[in-house]
Amino acid sequence: MTVFNTNSASFDWRASEVRWPVTTDVGPGLAGVVATSSRVMWLDPSSGSMAYRGVPVDRLAGSRSFEEVASLLITGRRPEDHRPAFVEFQHRLRSSRKLPEPVVELIRDLDPATHPTRLLRAGVSALGCHELSVEDDLAGDRHWRELRIVGQVASLSAVVAAHRHQRSMPDLDLDRSFASHLLTVLGPGEPKAEDVATLDLLWTLYAAHGLDAPTFTSMIVASCRADPYFNVVSGLSALRGARQGGAGEQVLEQLAAVDSPGDARETVARILTSGGTIAGFGHRLYRMPDPRVVILRRELASLARRRGRPEVFENALSLERAATAALAPRGVHVNINFYAAPIFALLGAEPAFGPCLVAVGRMAGLVALVREAMDGIRLMRPLSRYVGEPERSFPGTRRS
Amino acid sequence: MIGDSRPPSPQTYGPGLEDLCAGDTGIGLVDGAEGRLLYRGYPVGEIAAQASFEETTYLILHGQLPSPAQLDDWERELRRWRRPPRAAFAALKRVPPRSHPLAQYRTMLTVAACHIPEAEDSSIQAQWRRPARILSWTAALAAAAIRHLDGKAPVEPTDDLGFAANFLYQTLGRVPGDDDLHAFEASLIVQAEHGLHAAALAALVVVSAGADLGSAVLAGMGALSGERHGGANQLAFEMIQPLDGPEHARRWAREALERRHRFPGFGHRVYRCPDPRVAALEPLAEALLERHGLGDRWQTYSALRDEVEGALGPRGIFANVDSITGLIYHPLGLPVSSFPIPFCLAIQTGWMAHCLEYLPDGPMIEPGAVYTGG
């Protein structure tokens with residue numbers, strides 16, 4: 001048995017092994033609970049350190065393509081050390097983006113005003129019907145191994161974006177990276193290398209983040225040995241939540257009201273006095289600024305400059321400062337969505353499309369964690385304590 | 001689960017959160033030592049014998065039995081939602097007929113979810129307006145998905161039938177006799193809530209992230225579709241189906257036991273004793289098989305159960321509800337690959353109740369992972 005002091009400030013969520021059963025503090029929302037052990041990623045909420053397969057994330061962000069990061073997360077091998085294997089991985093990933101025509105048509109049948117995450121979820125679900133037949137084993141083991149679903153979610157997102165904007169879908173070009181393909185749809189024109197790099201950076205930062213709601217949901221579903229498409233539909237359902245991917249839309253609404261540092265202070269005061277919360281602030285795990293923000297703040301500054309719209313960055317910074325002044329004393333700090341949302345917007349994505357973009361990146365970590373867990377996984381089934389009515393007899397003769 | 005109800009305290013638990021008490025609930029008691037299952041205090045066997053599925057869902061969601069007027073309103077509300085958006089049916093044209101019925105059903109639900117009222121409102125008031133629509137839409141769409149397996153067109157609902165009867169009518173194109181209907185409805189009732197099992201936990205995580213109740217139900221279904229969970233009733237029936245009479249069943253079971261075979265429909269993480277849901281359904285399943293001239297299949301099932309429980313009972317492995325529901329669904333005319341669907345329609349009641357219990361002050365659910373990569 002292992003005792004983990006998950007509540008202590010010095011616990012950094014690393015151990016040489018986990019010997020079950022474990023003893024930990026169990027807080028509301030399962031805070032402090034050790035749900036699994038993993039070699040995929042490490043996240044230390046007290047120091048803000050984060051690493052994928054042992055490589056610090058700040059070393060990956062901005063210097064590696066999303067496909068390289070996906071390969072690292074999923075295979076555990078560094079692309080630079082295993083070039084031929086990476087090339088093969090990348091080819092499989094890219095070629096899986098070809099979608100059956102009826103799936104594209106299913107999305108096009110739907111009202112383009114529908115929230116993009118709902119369109120994406122419907123597309124993934126339909127795709128699962130084409131990929132697995134009733135004769136296939138339900139667990140879809142083969143499909144996890146083949147990684148098709150990572151590429152499929154990326155190209156479905158592009159179909160959703162095209163449908164929302166009523167644009168035609170460009171032909172799939174295997175030489176294009178995930179980021180380049182999606183930016184072609186968001187337009188206008190041929191994507192610039194710097195913008196491709198920005199989207200790669202965002203996906204790198206979103207690729208994995210411990211057992212957040214979409215990932216934990218997927219782990220639970222995988223623990224029942226459900227098919228991968230059911231699994232991803234479930235994970236996307238969690239990503240829809242207002243406390244999850246949905247936060248970006250509110251961030252942009254907030255920013256729209258800010259045009260000067262004075263505006264920023266006013267906006268923060270107005271929201272807080274009316275009992276509201278500042279979108280893009282607060283995180284279940286961190287009691288410090290989200291470590292990914294440092295990287296994104298820099299990225300927004302450079303992207304806004306490239307676009308000739310430096311005020312986007314300045315307004316965001318004013319709002320961050322004003323909100324931090326008000327909220328930091330309460331232990332509430334800025335999170336990744338605060339800067340990701342304006343970056344997505346400058347890349348040409350409409351506000352509601354943010355969660356779909358997050359989903360593309362998150363698939364890498366989700367697949368990596370699920371594949372890792374598949375061999376030794378146990379059905380996730382905690383208990384609850386019954387505090388309801390004591391046993392009583394059903395009032396008789398109700399049935400007519 | 002009632003969110004935030006306890007201060008952090010130390011607990012010891014195993015992989016898969018085994019033995020972890022995740023929180024308090026007033027909805028159901030799953031007593032694995034005594035073999036009791038209570039909904040809001042009432043033993044499930046008594047409810048199944050006397051209540052309708054509509055009364056049961058009201059009880060589970062609201063915490064008490066409805067008054068006649070409340071029941072009337074609830075039944076009317078359920079009937080009101082029997083016609084899901086046409087687009088959800090049209091989605092079937094975009095998927096191959098040979099895909100798994102649960103996957104087709106899921107696709108219809110994801111398409112229907114593109115047409116729901118007040119879709120992006122996750123206030124508690126909006127969440128409470130959702131259960132009736134979810135229960136009725138899912139039943140209509142599930143019926144269509146099952147018919148689609150044989151290339152048959154959907155059947156329009158009828159408003160003069162109850163929930164269970166209308167579902168069978170929309171699935172089979174006819175209403176079975178009263179006794180058969182009662183057996184089917186009882187199977188829905190005993191499967192309508194079962195504590196914090198994997199699917200309920202998945203639903204709870206989704207709703208805790210601020211998503212709508214329908215999204216939570218989709219996640220629950222995902223977990224349920226797995227072969228370790230809801231898919232088990234299909235596997236259990238497929239195990240029994242080829243057995244040719246009680247003697248064959250005994251012989252096969254003994255050989256399988258020697259091979260240390262795992263028997264779908266047997267054993268349960270919580271119940272270490274006979275499953276109370278099996279006890280409630282036993283007489284109904286036996287009589288139903290008898291009525292359909294399939295008494296032999298009951299004997300086969302009983303023989304298999306005797307052998308397996310005789311050998312594994314001392315280790316706490318007994319027949320669970322998945323072992324028996326297929327024996328009711330098959331004679332009614334439901335195709336084997338659709339067996340998880342009635343379970344799905346029933347158990348989502350419990351998931352929704354847990355979500356609505358958790359929501360008012362429950363924080364986002366997010367456990368941790370210990371990194372062992374060196």
# chains A, B, ... in the order shown; residues from 1 in each chain; ligands from 1

$ residues_around --residues "Pro84 (chain B)" --least-positions-apart "4" --cutoff "9 Å" --atoms "only C-alpha atoms" --output "PyMOL selection string"
chain B and resi 88-89+112+133+136-138+140-141

$ select_by_dssp --residues "region 176-382 of chain A" --states "strand (DSSP E or B)" --output "NGL selection string"
:A and (209 or 211 or 281 or 334)

$ write_last_selection --atoms "N, CA and C atoms" --output "compact mmCIF listing (two decimals), in the first residue's frame"
# COMPACT_ATOMS: atom_id res chain seq x y z
N HIS A 209 -3.62 17.40 -20.50
CA HIS A 209 -3.59 18.14 -19.24
C HIS A 209 -4.16 17.28 -18.13
N LEU A 211 -5.96 14.54 -15.94
CA LEU A 211 -7.27 13.90 -16.12
C LEU A 211 -8.36 14.96 -16.06
N PHE A 281 -10.42 32.91 -16.04
CA PHE A 281 -9.75 32.95 -14.73
C PHE A 281 -10.24 31.80 -13.87
N VAL A 334 -5.20 33.60 -13.76
CA VAL A 334 -5.50 33.48 -15.19
C VAL A 334 -5.27 32.03 -15.66

$ residues_around --residues "Leu213 (chain B)" --least-positions-apart "2" --cutoff "10 Å" --atoms "only C-alpha atoms" --output "ChimeraX atom specification"
/A:237 /B:119,122,124,126-131,134,203-204,206-207,210-211,215-219,351-352,355-356

$ write_last_selection --atoms "C-alpha atoms" --output "PDB file, in the first residue's frame"
ATOM      1  CA  SER A 237     -19.551  15.848 -24.569  1.00  0.00           C
TER       2      SER A 237
ATOM      3  CA  ALA B 119     -29.299  23.994 -26.047  1.00  0.00           C
ATOM      4  CA  SER B 122     -26.844  24.871 -18.455  1.00  0.00           C
ATOM      5  CA  ILE B 124     -30.206  24.174 -13.109  1.00  0.00           C
ATOM      6  CA  ALA B 126     -32.976  24.335 -17.795  1.00  0.00           C
ATOM      7  CA  GLN B 127     -31.387  21.028 -16.732  1.00  0.00           C
ATOM      8  CA  TRP B 128     -34.582  20.086 -14.848  1.00  0.00           C
ATOM      9  CA  ARG B 129     -36.618  20.638 -18.005  1.00  0.00           C
ATOM     10  CA  ARG B 130     -34.598  17.986 -19.834  1.00  0.00           C
ATOM     11  CA  PRO B 131     -35.301  14.518 -18.362  1.00  0.00           C
ATOM     12  CA  ILE B 134     -34.421  12.783 -23.035  1.00  0.00           C
ATOM     13  CA  ALA B 203     -22.306  11.286 -16.854  1.00  0.00           C
ATOM     14  CA  LEU B 204     -21.483  13.075 -13.620  1.00  0.00           C
ATOM     15  CA  VAL B 206     -19.597  15.598 -18.029  1.00  0.00           C
ATOM     16  CA  VAL B 207     -22.326  17.510 -16.250  1.00  0.00           C
ATOM     17  CA  GLY B 210     -20.956  22.549 -17.221  1.00  0.00           C
ATOM     18  CA  ALA B 211     -22.429  20.565 -20.125  1.00  0.00           C
ATOM     19  CA  SER B 215     -24.376  15.393 -23.204  1.00  0.00           C
ATOM     20  CA  ALA B 216     -24.042  13.654 -19.845  1.00  0.00           C
ATOM     21  CA  VAL B 217     -26.409  10.910 -20.995  1.00  0.00           C
ATOM     22  CA  LEU B 218     -24.354  10.412 -24.172  1.00  0.00           C
ATOM     23  CA  ALA B 219     -21.236   9.871 -22.075  1.00  0.00           C
ATOM     24  CA  TRP B 351     -27.735   9.036 -14.287  1.00  0.00           C
ATOM     25  CA  MET B 352     -29.947  12.091 -14.689  1.00  0.00           C
ATOM     26  CA  CYS B 355     -26.490  14.682 -12.175  1.00  0.00           C
ATOM     27  CA  LEU B 356     -29.384  16.788 -10.889  1.00  0.00           C
TER      28      LEU B 356
END

$ residues_around --residues "Leu201 (chain A)" --least-positions-apart "5" --cutoff "12 Å" --atoms "only C-alpha atoms" --output "compact mmCIF listing (two decimals) with C-alpha atoms, in the first residue's frame"
# COMPACT_ATOMS: atom_id res chain seq x y z
CA VAL A 57 6.22 21.38 -22.44
CA ASP A 58 7.80 24.81 -22.78
CA ARG A 59 10.60 23.14 -24.71
CA LEU A 60 8.09 21.63 -27.17
CA ALA A 61 5.78 24.60 -27.63
CA GLY A 62 6.89 26.73 -30.56
CA SER A 63 9.63 24.41 -31.76
CA ARG A 64 7.75 21.19 -32.58
CA SER A 65 4.85 20.54 -34.92
CA PHE A 66 1.65 19.20 -33.42
CA GLU A 67 2.21 15.94 -35.30
CA GLU A 68 5.62 15.54 -33.64
CA VAL A 69 4.08 16.21 -30.24
CA ALA A 179 -2.63 22.95 -38.92
CA GLU A 194 3.98 31.71 -38.88
CA ASP A 195 0.25 31.06 -38.47
CA VAL A 196 0.76 27.33 -38.94
CA TYR A 206 -3.79 21.74 -25.31
CA ALA A 207 -2.60 18.21 -26.19
CA ARG A 292 0.82 27.73 -20.23
CA ILE A 295 3.85 31.07 -23.56
CA LEU A 296 0.49 32.14 -24.92
CA ARG A 298 3.98 36.02 -25.84
CA GLU A 299 2.31 34.31 -28.79
CA LEU A 300 -0.69 36.64 -28.76
CA ALA A 340 -6.10 30.99 -26.34
CA ILE A 343 -5.42 33.74 -30.60
CA PHE A 344 -8.02 31.41 -32.11
CA VAL A 358 -9.16 22.40 -28.49
CA GLY A 361 -5.14 19.04 -29.94

$ residues_around --residues "Glu75 (chain B)" --least-positions-apart "5" --cutoff "12 Å" --atoms "only C-alpha atoms" --output "PyMOL selection string"
chain B and resi 52-58+66+68-70+80-82+132-133+135-136+159-164

$ write_last_selection --atoms "N, CA and C atoms" --output "compact mmCIF listing (two decimals), in the first residue's frame"
# COMPACT_ATOMS: atom_id res chain seq x y z
N SER B 52 -45.56 1.63 -12.40
CA SER B 52 -45.25 1.77 -13.83
C SER B 52 -43.85 2.35 -13.96
N PHE B 53 -43.30 2.29 -15.18
CA PHE B 53 -41.99 2.91 -15.41
C PHE B 53 -42.07 4.42 -15.18
N GLU B 54 -43.19 5.02 -15.56
CA GLU B 54 -43.36 6.47 -15.36
C GLU B 54 -43.31 6.83 -13.87
N GLU B 55 -44.02 6.06 -13.05
CA GLU B 55 -43.97 6.33 -11.60
C GLU B 55 -42.56 6.17 -11.06
N THR B 56 -41.88 5.13 -11.56
CA THR B 56 -40.53 4.84 -11.08
C THR B 56 -39.58 5.98 -11.42
N THR B 57 -39.68 6.48 -12.66
CA THR B 57 -38.77 7.56 -13.05
C THR B 57 -39.06 8.82 -12.23
N TYR B 58 -40.32 9.08 -11.98
CA TYR B 58 -40.67 10.25 -11.15
C TYR B 58 -40.06 10.08 -9.75
N PRO B 66 -45.20 10.12 -7.00
CA PRO B 66 -46.06 11.23 -7.43
C PRO B 66 -47.48 11.06 -6.89
N PRO B 68 -51.53 11.47 -7.72
CA PRO B 68 -52.19 11.21 -9.01
C PRO B 68 -52.07 12.39 -9.98
N ALA B 69 -52.18 13.61 -9.47
CA ALA B 69 -52.09 14.77 -10.36
C ALA B 69 -50.67 14.94 -10.89
N GLN B 70 -49.69 14.74 -10.02
CA GLN B 70 -48.29 14.85 -10.46
C GLN B 70 -47.97 13.78 -11.50
N ARG B 80 -45.54 14.22 -24.55
CA ARG B 80 -45.33 15.40 -25.37
C ARG B 80 -44.06 15.30 -26.22
N TRP B 81 -43.07 14.54 -25.74
CA TRP B 81 -41.77 14.49 -26.40
C TRP B 81 -41.58 13.20 -27.20
N ARG B 82 -42.65 12.55 -27.59
CA ARG B 82 -42.48 11.28 -28.29
C ARG B 82 -42.08 11.42 -29.75
N ALA B 132 -37.62 14.60 -19.21
CA ALA B 132 -38.76 14.03 -19.94
C ALA B 132 -38.43 13.93 -21.42
N ARG B 133 -37.84 15.01 -21.96
CA ARG B 133 -37.49 15.00 -23.38
C ARG B 133 -36.46 13.91 -23.67
N LEU B 135 -35.85 11.10 -21.98
CA LEU B 135 -36.43 9.75 -21.87
C LEU B 135 -37.27 9.41 -23.10
N SER B 136 -38.09 10.34 -23.55
CA SER B 136 -39.01 10.01 -24.65
C SER B 136 -38.32 10.03 -26.01
N ASP B 159 -50.33 7.84 -28.56
CA ASP B 159 -50.41 8.58 -27.31
C ASP B 159 -51.24 7.89 -26.24
N ASP B 160 -51.90 6.80 -26.61
CA ASP B 160 -52.72 6.13 -25.58
C ASP B 160 -51.99 4.99 -24.89
N LEU B 161 -50.70 4.82 -25.18
CA LEU B 161 -49.94 3.76 -24.51
C LEU B 161 -48.96 4.37 -23.52
N GLY B 162 -48.61 3.58 -22.50
CA GLY B 162 -47.59 4.02 -21.55
C GLY B 162 -46.21 3.95 -22.20
N PHE B 163 -45.19 4.34 -21.41
CA PHE B 163 -43.83 4.44 -21.93
C PHE B 163 -43.34 3.10 -22.47
N ALA B 164 -43.45 2.07 -21.65
CA ALA B 164 -42.90 0.76 -22.02
C ALA B 164 -43.66 0.18 -23.21

$ closest_residue --among "B:Phe184, B:Phe266, B:Trp252, B:Tyr358" --to "chain A" --atoms "only C-alpha atoms"
B:Tyr358

$ residues_around --residues "region 231-248 of chain B" --least-positions-apart "3" --cutoff "8 Å" --atoms "only C-alpha atoms" --output "ChimeraX atom specification"
/B:224-228,251-252,263-265,296-297,299-304,321-327,336-340

$ write_last_selection --atoms "N, CA and C atoms" --output "JSON list (two decimals), in the first residue's frame"
[["chain", "number", "residue", "atom", "x", "y", "z"],
["B", 224, "LEU", "N", -21.71, 2.57, -21.06],
["B", 224, "LEU", "CA", -22.62, 1.43, -21.04],
["B", 224, "LEU", "C", -22.42, 0.51, -22.24],
["B", 225, "SER", "N", -22.02, 1.11, -23.38],
["B", 225, "SER", "CA", -21.90, 0.32, -24.60],
["B", 225, "SER", "C", -20.76, -0.68, -24.49],
["B", 226, "GLY", "N", -19.85, -0.45, -23.55],
["B", 226, "GLY", "CA", -18.69, -1.34, -23.44],
["B", 226, "GLY", "C", -19.10, -2.75, -23.04],
["B", 227, "GLU", "N", -18.28, -3.70, -23.44],
["B", 227, "GLU", "CA", -18.65, -5.09, -23.20],
["B", 227, "GLU", "C", -18.59, -5.45, -21.72],
["B", 228, "ARG", "N", -17.90, -4.64, -20.91],
["B", 228, "ARG", "CA", -17.84, -4.95, -19.50],
["B", 228, "ARG", "C", -19.06, -4.43, -18.76],
["B", 251, "ARG", "N", -22.71, -29.60, -18.66],
["B", 251, "ARG", "CA", -21.44, -30.14, -19.16],
["B", 251, "ARG", "C", -20.54, -29.00, -19.64],
["B", 252, "TRP", "N", -21.15, -28.09, -20.42],
["B", 252, "TRP", "CA", -20.37, -26.97, -20.95],
["B", 252, "TRP", "C", -19.83, -26.09, -19.82],
["B", 263, "PHE", "N", -17.58, -15.80, -17.33],
["B", 263, "PHE", "CA", -18.97, -15.93, -17.77],
["B", 263, "PHE", "C", -19.64, -14.57, -17.81],
["B", 264, "PRO", "N", -19.97, -14.07, -19.01],
["B", 264, "PRO", "CA", -20.69, -12.79, -19.04],
["B", 264, "PRO", "C", -22.03, -12.92, -18.31],
["B", 265, "GLY", "N", -22.39, -11.88, -17.56],
["B", 265, "GLY", "CA", -23.64, -11.94, -16.81],
["B", 265, "GLY", "C", -23.47, -12.54, -15.42],
["B", 296, "ASP", "N", -37.83, -24.83, -22.01],
["B", 296, "ASP", "CA", -36.54, -25.51, -22.03],
["B", 296, "ASP", "C", -35.37, -24.52, -21.85],
["B", 297, "ARG", "N", -35.55, -23.35, -22.42],
["B", 297, "ARG", "CA", -34.46, -22.37, -22.30],
["B", 297, "ARG", "C", -34.30, -21.92, -20.84],
["B", 299, "GLN", "N", -34.89, -23.85, -18.27],
["B", 299, "GLN", "CA", -34.18, -24.96, -17.62],
["B", 299, "GLN", "C", -32.68, -24.87, -17.93],
["B", 300, "THR", "N", -32.37, -24.54, -19.16],
["B", 300, "THR", "CA", -30.96, -24.44, -19.56],
["B", 300, "THR", "C", -30.25, -23.35, -18.76],
["B", 301, "TYR", "N", -30.91, -22.20, -18.69],
["B", 301, "TYR", "CA", -30.34, -21.07, -17.93],
["B", 301, "TYR", "C", -30.15, -21.46, -16.46],
["B", 302, "SER", "N", -31.17, -22.09, -15.87],
["B", 302, "SER", "CA", -31.08, -22.47, -14.46],
["B", 302, "SER", "C", -29.95, -23.46, -14.23],
["B", 303, "ALA", "N", -29.79, -24.41, -15.16],
["B", 303, "ALA", "CA", -28.74, -25.41, -15.00],
["B", 303, "ALA", "C", -27.36, -24.76, -15.06],
["B", 304, "LEU", "N", -27.21, -23.84, -16.05],
["B", 304, "LEU", "CA", -25.93, -23.13, -16.17],
["B", 304, "LEU", "C", -25.64, -22.34, -14.91],
["B", 321, "VAL", "N", -27.93, -9.11, -13.27],
["B", 321, "VAL", "CA", -29.13, -8.81, -14.06],
["B", 321, "VAL", "C", -28.91, -9.04, -15.56],
["B", 322, "ASP", "N", -27.64, -8.88, -16.02],
["B", 322, "ASP", "CA", -27.36, -9.07, -17.44],
["B", 322, "ASP", "C", -27.57, -10.51, -17.90],
["B", 323, "SER", "N", -27.54, -11.44, -16.96],
["B", 323, "SER", "CA", -27.71, -12.85, -17.34],
["B", 323, "SER", "C", -29.15, -13.15, -17.71],
["B", 324, "ILE", "N", -30.08, -12.33, -17.25],
["B", 324, "ILE", "CA", -31.49, -12.72, -17.34],
["B", 324, "ILE", "C", -32.31, -11.84, -18.29],
["B", 325, "THR", "N", -31.90, -10.60, -18.53],
["B", 325, "THR", "CA", -32.76, -9.72, -19.33],
["B", 325, "THR", "C", -32.92, -10.23, -20.77],
["B", 326, "GLY", "N", -31.85, -10.81, -21.32],
["B", 326, "GLY", "CA", -31.95, -11.34, -22.68],
["B", 326, "GLY", "C", -33.02, -12.41, -22.81],
["B", 327, "LEU", "N", -33.24, -13.16, -21.72],
["B", 327, "LEU", "CA", -34.26, -14.22, -21.75],
["B", 327, "LEU", "C", -35.66, -13.63, -21.88],
["B", 336, "VAL", "N", -30.84, -9.63, -30.89],
["B", 336, "VAL", "CA", -29.83, -9.79, -29.84],
["B", 336, "VAL", "C", -28.92, -8.56, -29.73],
["B", 337, "SER", "N", -28.51, -8.00, -30.87],
["B", 337, "SER", "CA", -27.57, -6.88, -30.78],
["B", 337, "SER", "C", -28.24, -5.62, -30.21],
["B", 338, "SER", "N", -29.55, -5.64, -30.04],
["B", 338, "SER", "CA", -30.22, -4.47, -29.46],
["B", 338, "SER", "C", -30.44, -4.60, -27.95],
["B", 339, "PHE", "N", -30.02, -5.72, -27.36],
["B", 339, "PHE", "CA", -30.30, -5.93, -25.93],
["B", 339, "PHE", "C", -29.80, -4.83, -25.01],
["B", 340, "PRO", "N", -28.64, -4.22, -25.31],
["B", 340, "PRO", "CA", -28.21, -3.15, -24.39],
["B", 340, "PRO", "C", -29.15, -1.95, -24.39]]

$ atom_distance --atom1 "CA of Pro310 (chain A)" --atom2 "CA of Leu346 (chain A)"
11.2 Å

$ decode --residues "region 266-283 of chain A" --atoms "N, CA and C atoms" --output "CSV table (one decimal), in the first residue's frame"
chain,number,residue,atom,x,y,z
A,266,GLU,N,-13.1,48.7,-15.2
A,266,GLU,CA,-14.5,48.9,-15.1
A,266,GLU,C,-15.2,47.6,-15.4
A,267,THR,N,-14.8,46.9,-16.5
A,267,THR,CA,-15.4,45.6,-16.9
A,267,THR,C,-15.3,44.6,-15.7
A,268,VAL,N,-14.1,44.5,-15.1
A,268,VAL,CA,-13.9,43.6,-14.0
A,268,VAL,C,-14.8,43.9,-12.9
A,269,ALA,N,-14.8,45.2,-12.5
A,269,ALA,CA,-15.6,45.7,-11.4
A,269,ALA,C,-17.1,45.4,-11.6
A,270,ARG,N,-17.6,45.6,-12.9
A,270,ARG,CA,-19.0,45.4,-13.2
A,270,ARG,C,-19.3,44.0,-13.0
A,271,ILE,N,-18.5,43.1,-13.6
A,271,ILE,CA,-18.8,41.6,-13.5
A,271,ILE,C,-18.8,41.1,-12.1
A,272,LEU,N,-17.8,41.6,-11.4
A,272,LEU,CA,-17.6,41.0,-10.0
A,272,LEU,C,-18.7,41.5,-9.1
A,273,THR,N,-19.1,42.8,-9.2
A,273,THR,CA,-20.1,43.3,-8.3
A,273,THR,C,-21.5,42.7,-8.6
A,274,SER,N,-21.7,42.3,-9.8
A,274,SER,CA,-23.0,41.7,-10.1
A,274,SER,C,-22.9,40.2,-9.8
A,275,GLY,N,-21.9,39.8,-9.1
A,275,GLY,CA,-21.8,38.4,-8.7
A,275,GLY,C,-21.3,37.4,-9.8
A,276,GLY,N,-20.8,37.9,-10.9
A,276,GLY,CA,-20.4,37.0,-12.0
A,276,GLY,C,-18.9,36.6,-11.8
A,277,THR,N,-18.4,35.8,-12.7
A,277,THR,CA,-17.0,35.4,-12.7
A,277,THR,C,-16.4,35.9,-14.0
A,278,ILE,N,-15.0,36.0,-13.9
A,278,ILE,CA,-14.3,36.5,-15.0
A,278,ILE,C,-13.9,35.2,-15.8
A,279,ALA,N,-14.3,35.2,-17.1
A,279,ALA,CA,-14.0,34.0,-17.9
A,279,ALA,C,-12.5,34.0,-18.2
A,280,GLY,N,-11.9,32.8,-18.2
A,280,GLY,CA,-10.5,32.7,-18.4
A,280,GLY,C,-9.7,32.9,-17.2
A,281,PHE,N,-10.4,32.9,-16.0
A,281,PHE,CA,-9.7,33.0,-14.7
A,281,PHE,C,-10.2,31.8,-13.9
A,282,GLY,N,-9.3,31.3,-13.0
A,282,GLY,CA,-9.7,30.2,-12.1
A,282,GLY,C,-9.4,28.9,-12.7
A,283,HIS,N,-8.9,28.0,-12.0
A,283,HIS,CA,-8.6,26.6,-12.4
A,283,HIS,C,-8.7,25.7,-11.2
